[in-house]
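S.K.: This one is model-v1.csv, CSV, C-alpha atoms.
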```csv
chain,number,residue,atom,x,y,z
A,1,MET,CA,-37.7,-100.1,7.6
A,2,PRO,CA,-34.8,-98.2,9.2
A,3,GLN,CA,-34.5,-94.6,8.3
A,4,THR,CA,-31.2,-93.5,6.8
A,5,ALA,CA,-29.8,-90.0,7.3
A,6,ILE,CA,-29.7,-88.0,4.1
A,7,GLU,CA,-26.5,-86.2,3.7
A,8,PRO,CA,-26.9,-82.6,2.4
A,9,LEU,CA,-25.2,-82.0,-0.9
A,10,PRO,CA,-22.2,-79.7,-0.6
A,11,LEU,CA,-23.1,-76.2,-1.9
A,12,GLU,CA,-21.0,-75.1,-4.8
A,13,PRO,CA,-20.8,-71.4,-5.4
A,14,SER,CA,-22.6,-70.3,-8.5
A,15,PRO,CA,-20.4,-69.1,-11.3
A,16,LEU,CA,-22.9,-66.2,-11.6
A,17,ALA,CA,-22.5,-65.1,-8.0
A,18,PRO,CA,-20.3,-62.0,-7.5
A,19,GLN,CA,-16.8,-63.0,-6.7
A,20,PRO,CA,-14.7,-61.2,-4.1
A,21,LEU,CA,-12.1,-58.9,-5.7
A,22,GLU,CA,-8.6,-59.9,-4.9
A,23,HIS,CA,-6.6,-56.8,-4.1
A,24,PRO,CA,-4.1,-55.8,-1.5
A,25,PRO,CA,-5.5,-54.7,1.9
A,26,LEU,CA,-6.6,-51.0,1.9
A,27,ALA,CA,-5.3,-48.5,4.4
A,28,PRO,CA,-8.0,-47.3,6.9
A,29,LEU,CA,-9.8,-44.1,5.9
A,30,PRO,CA,-8.5,-41.2,8.0
A,31,ALA,CA,-10.9,-39.1,10.0
A,32,ASP,CA,-9.9,-36.0,7.9
A,33,PHE,CA,-10.5,-37.9,4.6
A,34,PHE,CA,-12.9,-35.3,3.2
A,35,ASP,CA,-11.4,-31.9,2.4
A,36,PRO,CA,-13.2,-29.3,4.4
A,37,ASP,CA,-12.6,-26.7,1.7
A,38,CYS,CA,-14.0,-28.9,-1.1
A,39,PRO,CA,-16.8,-27.0,-2.9
A,40,VAL,CA,-19.0,-30.1,-3.3
A,41,GLN,CA,-19.9,-29.6,0.4
A,42,THR,CA,-21.9,-26.6,-0.5
A,43,MET,CA,-23.3,-28.0,-3.7
A,44,PRO,CA,-27.1,-27.7,-4.0
A,45,VAL,CA,-28.7,-31.1,-3.1
A,46,LEU,CA,-30.1,-31.4,-6.6
A,47,GLY,CA,-29.9,-35.2,-7.0
A,48,GLY,CA,-31.5,-36.0,-3.7
A,49,LYS,CA,-34.7,-33.9,-4.2
A,50,LYS,CA,-37.5,-35.6,-6.1
A,51,TRP,CA,-38.7,-32.6,-8.0
A,52,THR,CA,-35.6,-30.4,-8.5
A,53,TRP,CA,-34.3,-31.9,-11.8
A,54,LYS,CA,-37.9,-32.0,-13.2
A,55,LEU,CA,-38.3,-28.3,-12.3
A,56,MET,CA,-34.9,-27.5,-14.0
A,57,ARG,CA,-36.3,-29.1,-17.2
A,58,CYS,CA,-39.6,-27.2,-16.9
A,59,LEU,CA,-37.6,-23.9,-16.6
A,60,GLU,CA,-35.1,-24.7,-19.3
A,61,GLY,CA,-37.2,-23.1,-22.0
A,62,GLY,CA,-37.8,-19.8,-20.1
A,63,PRO,CA,-39.7,-18.2,-17.2
A,64,ARG,CA,-42.8,-20.0,-16.0
A,65,ARG,CA,-45.6,-19.2,-13.5
A,66,PHE,CA,-46.3,-21.4,-10.5
A,67,SER,CA,-49.5,-22.7,-12.0
A,68,GLU,CA,-47.8,-23.6,-15.3
A,69,LEU,CA,-45.1,-25.6,-13.4
A,70,ARG,CA,-47.8,-27.8,-11.7
A,71,VAL,CA,-49.2,-29.1,-15.0
A,72,PRO,CA,-46.3,-31.5,-16.0
A,73,LEU,CA,-45.3,-32.2,-12.3
A,74,VAL,CA,-48.2,-34.6,-11.7
A,75,GLY,CA,-48.5,-35.5,-8.1
A,76,ILE,CA,-46.6,-32.5,-6.6
A,77,THR,CA,-48.5,-30.5,-4.0
A,78,ALA,CA,-48.5,-26.7,-4.0
A,79,LYS,CA,-46.6,-26.8,-0.7
A,80,VAL,CA,-43.8,-29.1,-2.0
A,81,LEU,CA,-43.5,-27.0,-5.2
A,82,ALA,CA,-43.2,-23.8,-3.2
A,83,GLU,CA,-40.6,-25.4,-0.9
A,84,THR,CA,-38.6,-26.7,-3.8
A,85,LEU,CA,-38.6,-23.4,-5.7
A,86,ARG,CA,-37.6,-21.6,-2.5
A,87,ALA,CA,-34.7,-24.0,-1.9
A,88,MET,CA,-33.6,-23.6,-5.5
A,89,GLU,CA,-33.9,-19.8,-5.1
A,90,HIS,CA,-31.8,-20.0,-1.9
A,91,ASP,CA,-29.1,-21.9,-3.9
A,92,GLY,CA,-29.1,-19.3,-6.6
A,93,VAL,CA,-30.2,-21.6,-9.4
A,94,VAL,CA,-33.7,-20.1,-9.7
A,95,SER,CA,-34.9,-16.5,-9.7
A,96,ARG,CA,-38.4,-15.3,-8.6
A,97,THR,CA,-39.7,-12.2,-10.2
A,98,GLU,CA,-42.9,-10.4,-8.9
A,99,TYR,CA,-44.7,-8.1,-11.3
A,100,ALA,CA,-46.8,-5.2,-9.9
A,101,GLU,CA,-49.9,-6.1,-11.8
A,102,ASN,CA,-53.5,-6.8,-10.8
A,103,PRO,CA,-53.9,-9.7,-10.3
A,104,PRO,CA,-50.3,-10.2,-9.1
A,105,ARG,CA,-48.0,-12.2,-11.3
A,106,VAL,CA,-44.9,-14.2,-10.2
A,107,GLU,CA,-42.5,-15.9,-12.6
A,108,TYR,CA,-39.7,-18.3,-11.9
A,109,ALA,CA,-36.6,-18.7,-14.2
A,110,LEU,CA,-33.3,-20.4,-14.2
A,111,THR,CA,-30.4,-18.1,-13.3
A,112,PRO,CA,-27.1,-18.3,-15.2
A,113,LEU,CA,-25.9,-20.5,-12.4
A,114,GLY,CA,-28.9,-22.7,-12.8
A,115,ARG,CA,-28.3,-22.9,-16.6
A,116,SER,CA,-24.8,-24.0,-16.0
A,117,LEU,CA,-26.2,-27.1,-14.3
A,118,LEU,CA,-28.1,-28.2,-17.5
A,119,GLY,CA,-24.9,-29.7,-19.1
A,120,PRO,CA,-24.0,-31.9,-16.0
A,121,MET,CA,-27.7,-32.8,-15.8
A,122,ASP,CA,-27.7,-34.0,-19.4
A,123,ALA,CA,-24.5,-36.1,-18.6
A,124,VAL,CA,-26.2,-37.8,-15.6
A,125,CYS,CA,-29.4,-38.4,-17.7
A,126,GLY,CA,-27.3,-40.0,-20.4
A,127,TRP,CA,-25.5,-42.2,-17.9
A,128,SER,CA,-28.8,-43.2,-16.5
A,129,ARG,CA,-30.2,-44.1,-19.9
A,130,GLU,CA,-27.1,-46.1,-20.7
A,131,HIS,CA,-27.1,-48.1,-17.5
A,132,LEU,CA,-30.9,-48.2,-16.6
A,133,ALA,CA,-31.2,-51.9,-17.3
A,134,ALA,CA,-28.3,-52.8,-15.0
A,135,LEU,CA,-29.6,-50.5,-12.3
A,136,LEU,CA,-33.0,-52.1,-12.4
A,137,GLU,CA,-31.5,-55.5,-12.4
A,138,ALA,CA,-29.4,-54.7,-9.4
A,139,ARG,CA,-32.4,-53.4,-7.5
A,140,GLU,CA,-34.5,-56.5,-8.3
A,141,ALA,CA,-31.6,-58.8,-7.2
A,142,TYR,CA,-31.2,-56.8,-4.0
A,143,GLU,CA,-34.9,-57.0,-3.2
A,144,ARG,CA,-35.0,-60.8,-3.9
A,145,ASP,CA,-32.1,-61.3,-1.5
A,146,GLU,CA,-33.8,-59.4,1.3
```
Could I get this file's structure written as structure tokens?

M.R.:
Amino acid sequence: MPQTAIEPLPLEPSPLAPQPLEHPPLAPLPADFFDPDCPVQTMPVLGGKKWTWKLMRCLEGGPRRFSELRVPLVGITAKVLAETLRAMEHDGVVSRTEYAENPPRVEYALTPLGRSLLGPMDAVCGWSREHLAALLEAREAYERDE
């Protein structure tokens, strides 16, 4: 029996696949696109740090000691907690107060500058809550395609 070649079926794009946007060609981005005086360049890198926002929430109610902060931050090491608090202190969003007591006592608190970040944090949390399903779906689709 002679073998016949099987012709592949033409692939039709799925109606669910993302469609390219039709828009006029964009101008190339100039080398000086970012404003060197833009204050966002000096913004604390809060979003990129795993523990920073959680620490902000822990300190929202008032000053806390180092050992108190470790309780809800399951998985954080003492070294990472110290480094994160130091970075937040460096950015002026957290203050560190040492008390001359025996044994020594140190407390961390949000500064007025740190408190001013709570509103924007709430907005980002709200956005995340609203779009969480879509974000997770996009991640799953990306990982399936890899």

S.K.: Tell me which of A:Phe66, A:Trp51, A:Phe34, A:Tyr142 sits closest to Met88 of chain A, counting only C-alpha atoms.

M.R.: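 The shortest atom-to-atom distance to Met88 of chain A comes from A:Trp51.
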
S.K.: So the first atom is atom CA of Pro72 of chain A and the second is atom CA of Leu55 of chain A; what is the distance between them in Å, to one decimal place?

M.R.: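 Atom-to-atom, atom CA of Pro72 of chain A and atom CA of Leu55 of chain A are spaced 9.4 Å apart.
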
S.K.: Distance cut-off 12 Å, centre (-41.8, -26.2, -0.4) in file coordinates, counting all atoms listed in the file: which residues qualify? Return them as a list in words.

M.R.: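 Within 12 Å of (-41.8, -26.2, -0.4), the protein and nucleic acid residues are Lys49, Lys50, Trp51, Thr52, Ile76, Thr77, Ala78, Lys79, Val80, Leu81, Ala82, Glu83, Thr84, Leu85, Arg86, Ala87, Met88, Glu89 and His90 of chain A.
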
S.K.: If I put a ball of radius 12 Å at (-46.6, -14.3, -12.1) in the file's coordinates, which residues poke into it when counting only C-alpha atoms, written as a PDB file with C-alpha atoms, in the coordinates of the input?

M.R.:
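Saved result, selection_18.pdb, follows:
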```pdb
ATOM      1  CA  PRO A  63     -39.700 -18.200 -17.200  1.00  0.00           C
ATOM      2  CA  ARG A  64     -42.800 -20.000 -16.000  1.00  0.00           C
ATOM      3  CA  ARG A  65     -45.600 -19.200 -13.500  1.00  0.00           C
ATOM      4  CA  PHE A  66     -46.300 -21.400 -10.500  1.00  0.00           C
ATOM      5  CA  SER A  67     -49.500 -22.700 -12.000  1.00  0.00           C
ATOM      6  CA  GLU A  68     -47.800 -23.600 -15.300  1.00  0.00           C
ATOM      7  CA  LEU A  69     -45.100 -25.600 -13.400  1.00  0.00           C
ATOM      8  CA  ARG A  96     -38.400 -15.300  -8.600  1.00  0.00           C
ATOM      9  CA  THR A  97     -39.700 -12.200 -10.200  1.00  0.00           C
ATOM     10  CA  GLU A  98     -42.900 -10.400  -8.900  1.00  0.00           C
ATOM     11  CA  TYR A  99     -44.700  -8.100 -11.300  1.00  0.00           C
ATOM     12  CA  ALA A 100     -46.800  -5.200  -9.900  1.00  0.00           C
ATOM     13  CA  GLU A 101     -49.900  -6.100 -11.800  1.00  0.00           C
ATOM     14  CA  ASN A 102     -53.500  -6.800 -10.800  1.00  0.00           C
ATOM     15  CA  PRO A 103     -53.900  -9.700 -10.300  1.00  0.00           C
ATOM     16  CA  PRO A 104     -50.300 -10.200  -9.100  1.00  0.00           C
ATOM     17  CA  ARG A 105     -48.000 -12.200 -11.300  1.00  0.00           C
ATOM     18  CA  VAL A 106     -44.900 -14.200 -10.200  1.00  0.00           C
ATOM     19  CA  GLU A 107     -42.500 -15.900 -12.600  1.00  0.00           C
ATOM     20  CA  TYR A 108     -39.700 -18.300 -11.900  1.00  0.00           C
ATOM     21  CA  ALA A 109     -36.600 -18.700 -14.200  1.00  0.00           C
TER      22      ALA A 109
END
```

S.K.: Could you work out how far atom CA of Trp53 of chain A lies from atom CA of Gly92 of chain A, giving the answer in Å with one decimal?

M.R.: 14.6 Å

S.K.: What does the distance from atom CA of Asp91 of chain A to atom CA of Pro112 of chain A come to in Å, to one decimal?

M.R.: 12.0 Å
